[in-house]
Amino acid sequence: MPIDIKMPALSPTMEEGKLAKWLVKEGDTVSSGDIMAEIETDKATMEFEAVDEGTIGKILIAEGTDGVKVGTVIAILAGEGEDASTVSAAPAAASAPAKAPAEAKAEAPKAAAPAPAASAPAPAASKEGRIAASPLAKRIAADKGVDLAAVKGSGPNGRIVRADVEGAKSAPAKPAAAAPAPAAGSAEAKAPAVEMAAETRALLDDRIPHSVEKLSGMRKVIARRLTQSMQEAPHIYLTVDVRLDKLMALRAEINSMLEKQGVKVSVNDMLIKALGRALIDVPECNVTFAGNELIKYARADVSVAVSIPGGLITPIVQNANGKSFSEIAKATKDLGKRAKEGKLQPGEYQGGTASISNMGMMGIKQFTAVINPPQATIIAVGAGEKRPWVMPDDSLGVATVMSATGSFDHRAVDGADGARLMAAFREYIETPLGMVA
């Protein structure tokens with residue numbers, strides 16, 4: 001009996017993916033564990049392994065196809081003794097979700113309606129008979145006395161834009177009729193967001209050329225998760241200034257010793273270690289809020305924000321509290337490289353007990369970060385810079401100082417515990433030998 005090969009869910013957040021490349025062709029024999037295709041998920045490109053044995057009878061989804069829903073039949077596998085050339089593609093149709101009755105009814109009138117005749121661009125009018133023109137075009141027309149009804153629009157869907165009005169001859173403008181107020185319950189009354197989007201687009205019509213770019217799967221997930229975080233997690237922000245001089249001096253000594261090994265420890269590597277140790281010292285912040293439960297962790301797995309083309313990903317330095325500086329340096333270098341290549345496995349970027357985001361290398365002095373759900377803690381690190389500093393003997397000097405801001409989910413972390421974490425984080429940075437012991 002033929003076996004359906006379906007688009008897999010390769011991560012918990014995956015709803016659809018891109019079938020980037022087929023590594024088999026029709027007629028090929030596959031065994032369990034063979035790599036059949038490369039799938040682009042919302043975070044990375046991953047290999048898709050065969051589960052069953054058989055012969056590829058029919059490939060239903062061509063490579064390069066984007067937006068393939070999880071569960072869609074992408075190929076059919078002929079079982080033992082079956083003729084692969086006779087396998088039917090019918091199961092693909094069966095995999096499509098049935099349309100709801102309301103949706104089916106809506107599509108039926110749409111299919112029955114005659115196609116509108118093509119016409120040359122003319123002044124576009126709305127259903128209410130109003131001329132479709134951008135706000136700026138309307139303002140210029142009013143100033144010049146141009147009758148918009150006599151102007152042919154060159155914008156999208158015949159919309160009149162600034163250039164059309166500026167090139168028109170002045171004429172007494174017709175008095176504008178008052179637009180009828182939308183009836184209660186009408187589509188116009190129910191869709192202010194759509195109207196706002198149309199006005200925004202209209203404003204763009206009078207500016208430099210623009211484009212509309214479809215959101216990638218990664219950007220959709222980022223938008224959904226961060227919106228969820230800001231809506232559901234009450235953020236509390238706590239900022240400390242931290243002196244870096246001793247940390248930078250220790251880093252120079254460590255890198256001098258590791259030079260022959262080709263390993264270089266960055267300031268960020270040391271900050272990851274400091275956060276890992278601080279989370280163990282203040283376990284109240286090393287938690288996840290889970291509705292009626294508070295999940296506490298025995299080790300600190302620190303997610304590190306890494307910018308990649310099209311979005312952001314947070315590979316995890318596991319057991320950051322127990323790793324040496326050189327081990328963290330090797331881990332972050334490897335994870336960062338594979339993150340940019342889209343080759344991370346789900347277990348390498350999903351999970352983590354807290355996060356760190358460093359924008360100091362971009363010259364940002366201070367910022368606040370959005371909590372990475374379901375975590376309860378993220379620390380945002382700014383640039384180290386020379387600042388006036390009161391020394392231990394109360395004299396005024398100059399020190400290298402950075403600002404660090406912790407964002408905490410107030411459902412899980414009390415302000416006092418967040419303050420203790422920030423104090424511990426600062427202590428490890430200002431006396432870094434404590435991280436070596």
# chains A, B, ... in the order shown; residues from 1 in each chain; ligands from 1
>>> select_by_dssp(residues="segment 290-406 of chain A", states="strand (DSSP E or B)", output="ChimeraX atom specification")
/A:290,293-296,302-304,306-308,311-313,316-317,354-358,375,377-381,385-390,396-406
>>> residues_around(residues="Ala274 of chain A", least_positions_apart="5", cutoff="7 Å", atoms="only C-alpha atoms", output="ChimeraX atom specification")
/A:425,428-429
>>> write_last_selection(atoms="N, CA, C and O atoms", output="compact mmCIF listing (two decimals), in the first residue's frame")
# COMPACT_ATOMS: atom_id res chain seq x y z
N PHE A 425 25.49 39.66 39.04
CA PHE A 425 26.07 39.81 37.70
C PHE A 425 27.17 40.86 37.71
O PHE A 425 28.28 40.64 37.19
N TYR A 428 30.38 39.61 39.66
CA TYR A 428 31.26 38.70 38.92
C TYR A 428 32.07 39.44 37.86
O TYR A 428 33.22 39.07 37.58
N ILE A 429 31.50 40.48 37.28
CA ILE A 429 32.22 41.23 36.26
C ILE A 429 33.30 42.10 36.90
O ILE A 429 34.43 42.21 36.36
>>> residues_around(residues="Leu258 of chain A", least_positions_apart="4", cutoff="12 Å", atoms="only C-alpha atoms", output="list in words")
Arg251, Ala252, Glu253, Ile254, Gly262, Val263, Lys264, Val265, Phe325, Ser326, Glu327, Ala329 and Lys330 of chain A
>>> write_last_selection(atoms="C-alpha atoms", output="mmCIF file, in the first residue's frame")
data_model
loop_
_atom_site.group_PDB
_atom_site.id
_atom_site.type_symbol
_atom_site.label_atom_id
_atom_site.label_comp_id
_atom_site.auth_asym_id
_atom_site.auth_seq_id
_atom_site.Cartn_x
_atom_site.Cartn_y
_atom_site.Cartn_z
ATOM 1 C CA ARG A 251 40.676 38.753 29.360
ATOM 2 C CA ALA A 252 43.992 40.016 28.000
ATOM 3 C CA GLU A 253 45.909 37.561 30.222
ATOM 4 C CA ILE A 254 43.659 34.637 29.290
ATOM 5 C CA GLY A 262 43.929 29.559 18.428
ATOM 6 C CA VAL A 263 41.213 30.398 20.948
ATOM 7 C CA LYS A 264 40.168 33.980 21.662
ATOM 8 C CA VAL A 265 37.799 34.854 24.504
ATOM 9 C CA PHE A 325 35.961 30.863 29.427
ATOM 10 C CA SER A 326 37.698 28.957 26.622
ATOM 11 C CA GLU A 327 34.883 26.390 26.423
ATOM 12 C CA ALA A 329 34.414 30.904 23.492
ATOM 13 C CA LYS A 330 34.548 27.733 21.388
#
>>> closest_residue(among="A:Thr13, A:Thr314, A:Gln366, A:Thr353", to="Lys296 of chain A", atoms="only C-alpha atoms")
A:Thr353
>>> select_by_dssp(residues="segment 268-396 of chain A", states="alpha helix (DSSP H)", output="short mmCIF file (atom, residue, chain, number, x, y, z; two decimals) with C-alpha atoms, in the first residue's frame")
data_model
loop_
_atom_site.label_atom_id
_atom_site.label_comp_id
_atom_site.auth_asym_id
_atom_site.auth_seq_id
_atom_site.Cartn_x
_atom_site.Cartn_y
_atom_site.Cartn_z
CA ASN A 268 30.66 38.68 25.63
CA ASP A 269 31.93 35.17 26.43
CA MET A 270 32.86 36.39 29.90
CA LEU A 271 29.48 38.09 30.33
CA ILE A 272 27.75 34.82 29.46
CA LYS A 273 29.76 33.11 32.19
CA ALA A 274 28.92 35.91 34.65
CA LEU A 275 25.20 35.56 33.93
CA GLY A 276 25.43 31.78 34.29
CA ARG A 277 27.05 32.05 37.70
CA ALA A 278 24.63 34.77 38.82
CA LEU A 279 21.64 32.62 37.88
CA ILE A 280 22.94 29.82 40.10
CA ASP A 281 23.49 32.28 42.95
CA PHE A 325 35.96 30.86 29.43
CA SER A 326 37.70 28.96 26.62
CA GLU A 327 34.88 26.39 26.42
CA ILE A 328 32.31 29.17 26.16
CA ALA A 329 34.41 30.90 23.49
CA LYS A 330 34.55 27.73 21.39
CA ALA A 331 30.83 27.12 21.85
CA THR A 332 29.74 30.65 20.90
CA LYS A 333 32.00 30.69 17.84
CA ASP A 334 30.60 27.38 16.60
CA LEU A 335 26.99 28.23 17.40
CA GLY A 336 27.25 31.70 15.83
CA LYS A 337 28.77 30.32 12.63
CA ARG A 338 26.16 27.62 12.20
CA ALA A 339 23.35 30.04 13.13
CA LYS A 340 24.31 32.31 10.23
CA PRO A 346 16.26 22.60 17.27
CA GLY A 347 17.82 21.54 20.57
CA GLU A 348 20.55 24.14 20.06
CA TYR A 349 18.22 27.15 19.98
#
>>> closest_residue(among="A:Asp394, A:Glu166, A:Asp42, A:Asp414", to="Thr377 of chain A", atoms="only C-alpha atoms")
A:Asp414
>>> closest_residue(among="A:Ser266, A:Gln345, A:Ser134, A:Thr405", to="Thr239 of chain A", atoms="only C-alpha atoms")
A:Thr405
>>> closest_residue(among="A:Val390, A:Tyr237, A:Lys246, A:Pro283", to="Ala404 of chain A", atoms="only C-alpha atoms")
A:Tyr237
>>> residues_around(residues="Gly397 of chain A", least_positions_apart="6", cutoff="9 Å", atoms="only C-alpha atoms", output="number ranges by chain")
A: 387-391
>>> residues_around(residues="Pro2 of chain A", least_positions_apart="4", cutoff="6 Å", atoms="only C-alpha atoms", output="PyMOL selection string")
chain A and resi 77-79
>>> write_last_selection(atoms="N, CA and C atoms", output="short mmCIF file (atom, residue, chain, number, x, y, z; two decimals), in the first residue's frame")
data_model
loop_
_atom_site.label_atom_id
_atom_site.label_comp_id
_atom_site.auth_asym_id
_atom_site.auth_seq_id
_atom_site.Cartn_x
_atom_site.Cartn_y
_atom_site.Cartn_z
N LEU A 77 5.39 7.16 -1.30
CA LEU A 77 6.36 6.06 -1.27
C LEU A 77 5.65 4.76 -1.62
N ALA A 78 6.17 4.07 -2.63
CA ALA A 78 5.62 2.76 -2.99
C ALA A 78 6.22 1.70 -2.07
N GLY A 79 5.36 0.87 -1.51
CA GLY A 79 5.82 -0.17 -0.60
C GLY A 79 6.43 -1.35 -1.34
#
>>> closest_residue(among="A:Gly217, A:Gly363, A:Gly342, A:Gly64", to="Trp22 of chain A", atoms="only C-alpha atoms")
A:Gly64
>>> residues_around(residues="Val401 of chain A", least_positions_apart="5", cutoff="6 Å", atoms="only C-alpha atoms", output="JSON, numbers by chain")
{"A": [242, 243, 244, 384, 385]}
>>> closest_residue(among="A:Ala437, A:Ala37, A:Val30, A:Ala290", to="Thr55 of chain A", atoms="only C-alpha atoms")
A:Val30
>>> residues_around(residues="segment 301-309 of chain A", least_positions_apart="2", cutoff="7 Å", atoms="only C-alpha atoms", output="PyMOL selection string")
chain A and resi 272+276+299+311-320+336+340+352-357
>>> write_last_selection(atoms="all heavy atoms", output="short mmCIF file (atom, residue, chain, number, x, y, z; two decimals), in the first residue's frame")
data_model
loop_
_atom_site.label_atom_id
_atom_site.label_comp_id
_atom_site.auth_asym_id
_atom_site.auth_seq_id
_atom_site.Cartn_x
_atom_site.Cartn_y
_atom_site.Cartn_z
N ILE A 272 28.59 36.03 29.44
CA ILE A 272 27.75 34.82 29.46
C ILE A 272 28.05 34.00 30.70
O ILE A 272 27.15 33.50 31.40
CB ILE A 272 27.97 33.99 28.19
CG1 ILE A 272 27.44 34.74 26.96
CG2 ILE A 272 27.32 32.61 28.30
CD1 ILE A 272 27.84 34.13 25.64
N GLY A 276 25.63 33.15 33.86
CA GLY A 276 25.43 31.78 34.29
C GLY A 276 25.66 31.59 35.77
O GLY A 276 24.86 30.96 36.47
N ARG A 299 20.63 24.19 36.47
CA ARG A 299 21.81 24.72 35.79
C ARG A 299 21.38 25.89 34.92
O ARG A 299 20.19 26.08 34.63
CB ARG A 299 22.49 23.66 34.95
CG ARG A 299 21.76 23.30 33.67
CD ARG A 299 22.52 22.26 32.87
NE ARG A 299 21.97 22.11 31.52
CZ ARG A 299 22.32 21.17 30.67
NH1 ARG A 299 23.24 20.26 31.04
NH2 ARG A 299 21.80 21.11 29.46
N GLY A 311 16.45 38.08 10.45
CA GLY A 311 15.88 37.97 11.79
C GLY A 311 16.90 37.77 12.88
O GLY A 311 18.04 38.24 12.81
N LEU A 312 16.50 37.05 13.90
CA LEU A 312 17.29 36.87 15.11
C LEU A 312 17.09 35.45 15.60
O LEU A 312 16.00 34.89 15.49
CB LEU A 312 16.82 37.85 16.19
CG LEU A 312 17.53 37.84 17.53
CD1 LEU A 312 18.84 38.62 17.42
CD2 LEU A 312 16.66 38.47 18.60
N ILE A 313 18.15 34.85 16.11
CA ILE A 313 18.06 33.51 16.68
C ILE A 313 18.86 33.49 17.98
O ILE A 313 19.78 34.31 18.16
CB ILE A 313 18.57 32.45 15.67
CG1 ILE A 313 18.14 31.04 16.09
CG2 ILE A 313 20.07 32.54 15.48
CD1 ILE A 313 18.34 30.00 15.01
N THR A 314 18.50 32.59 18.88
CA THR A 314 19.15 32.57 20.20
C THR A 314 19.74 31.20 20.50
O THR A 314 19.14 30.41 21.24
CB THR A 314 18.14 32.95 21.31
OG1 THR A 314 16.96 32.14 21.16
CG2 THR A 314 17.75 34.42 21.21
N PRO A 315 20.91 30.88 19.93
CA PRO A 315 21.56 29.62 20.26
C PRO A 315 21.92 29.58 21.74
O PRO A 315 22.14 30.63 22.37
CB PRO A 315 22.80 29.60 19.37
CG PRO A 315 23.03 31.01 18.98
CD PRO A 315 21.69 31.66 18.95
N ILE A 316 22.01 28.38 22.28
CA ILE A 316 22.13 28.21 23.73
C ILE A 316 23.52 27.71 24.10
O ILE A 316 24.00 26.71 23.55
CB ILE A 316 21.08 27.22 24.24
CG1 ILE A 316 19.68 27.69 23.87
CG2 ILE A 316 21.21 27.02 25.75
CD1 ILE A 316 18.62 26.63 24.04
N VAL A 317 24.15 28.39 25.04
CA VAL A 317 25.37 27.89 25.68
C VAL A 317 24.90 27.11 26.91
O VAL A 317 24.54 27.69 27.93
CB VAL A 317 26.32 29.03 26.09
CG1 VAL A 317 27.55 28.46 26.81
CG2 VAL A 317 26.73 29.84 24.87
N GLN A 318 24.90 25.80 26.78
CA GLN A 318 24.41 24.96 27.87
C GLN A 318 25.42 24.90 29.01
O GLN A 318 26.63 24.92 28.79
CB GLN A 318 24.11 23.56 27.36
CG GLN A 318 22.99 23.53 26.31
CD GLN A 318 22.60 22.13 25.90
OE1 GLN A 318 23.24 21.15 26.28
NE2 GLN A 318 21.54 22.02 25.13
N ASN A 319 24.88 24.86 30.24
CA ASN A 319 25.72 24.79 31.44
C ASN A 319 26.76 25.91 31.45
O ASN A 319 27.94 25.69 31.74
CB ASN A 319 26.41 23.42 31.52
CG ASN A 319 27.05 23.18 32.87
OD1 ASN A 319 26.58 23.67 33.90
ND2 ASN A 319 28.15 22.43 32.88
N ALA A 320 26.30 27.13 31.15
CA ALA A 320 27.23 28.26 31.09
C ALA A 320 27.89 28.50 32.44
O ALA A 320 29.03 28.99 32.51
CB ALA A 320 26.48 29.52 30.65
N GLY A 336 27.46 30.50 16.64
CA GLY A 336 27.25 31.70 15.83
C GLY A 336 27.44 31.43 14.36
O GLY A 336 26.67 31.89 13.51
N LYS A 340 24.32 31.49 11.45
CA LYS A 340 24.31 32.31 10.23
C LYS A 340 24.17 31.45 8.98
O LYS A 340 23.69 31.92 7.95
CB LYS A 340 25.58 33.16 10.16
CG LYS A 340 25.59 34.31 11.18
CD LYS A 340 26.87 35.12 11.10
CE LYS A 340 26.76 36.41 11.92
NZ LYS A 340 26.51 36.20 13.33
N GLY A 352 16.75 26.88 26.91
CA GLY A 352 17.48 27.94 27.59
C GLY A 352 16.72 28.40 28.82
O GLY A 352 15.48 28.35 28.86
N THR A 353 17.45 28.84 29.83
CA THR A 353 16.79 29.26 31.07
C THR A 353 16.78 30.77 31.24
O THR A 353 16.00 31.30 32.02
CB THR A 353 17.49 28.61 32.28
OG1 THR A 353 18.84 29.07 32.37
CG2 THR A 353 17.49 27.09 32.17
N ALA A 354 17.64 31.49 30.51
CA ALA A 354 17.68 32.95 30.52
C ALA A 354 18.47 33.38 29.29
O ALA A 354 19.14 32.57 28.66
CB ALA A 354 18.33 33.50 31.79
N SER A 355 18.37 34.66 28.94
CA SER A 355 19.02 35.15 27.72
C SER A 355 19.89 36.36 28.00
O SER A 355 19.72 37.06 29.00
CB SER A 355 17.98 35.53 26.66
OG SER A 355 17.24 34.42 26.23
N ILE A 356 20.83 36.60 27.06
CA ILE A 356 21.64 37.81 27.09
C ILE A 356 21.70 38.37 25.68
O ILE A 356 21.79 37.63 24.70
CB ILE A 356 23.07 37.53 27.63
CG1 ILE A 356 23.83 38.85 27.84
CG2 ILE A 356 23.84 36.59 26.72
CD1 ILE A 356 25.12 38.68 28.64
N SER A 357 21.56 39.68 25.57
CA SER A 357 21.62 40.36 24.28
C SER A 357 22.62 41.50 24.40
O SER A 357 22.46 42.38 25.24
CB SER A 357 20.23 40.90 23.89
OG SER A 357 20.28 41.58 22.65
#
>>> atom_distance(atom1="atom CA of Asp409 of chain A", atom2="atom CA of Ser11 of chain A")
24.5 Å
>>> atom_distance(atom1="atom CA of Gly54 of chain A", atom2="atom CA of Glu38 of chain A")
19.2 Å
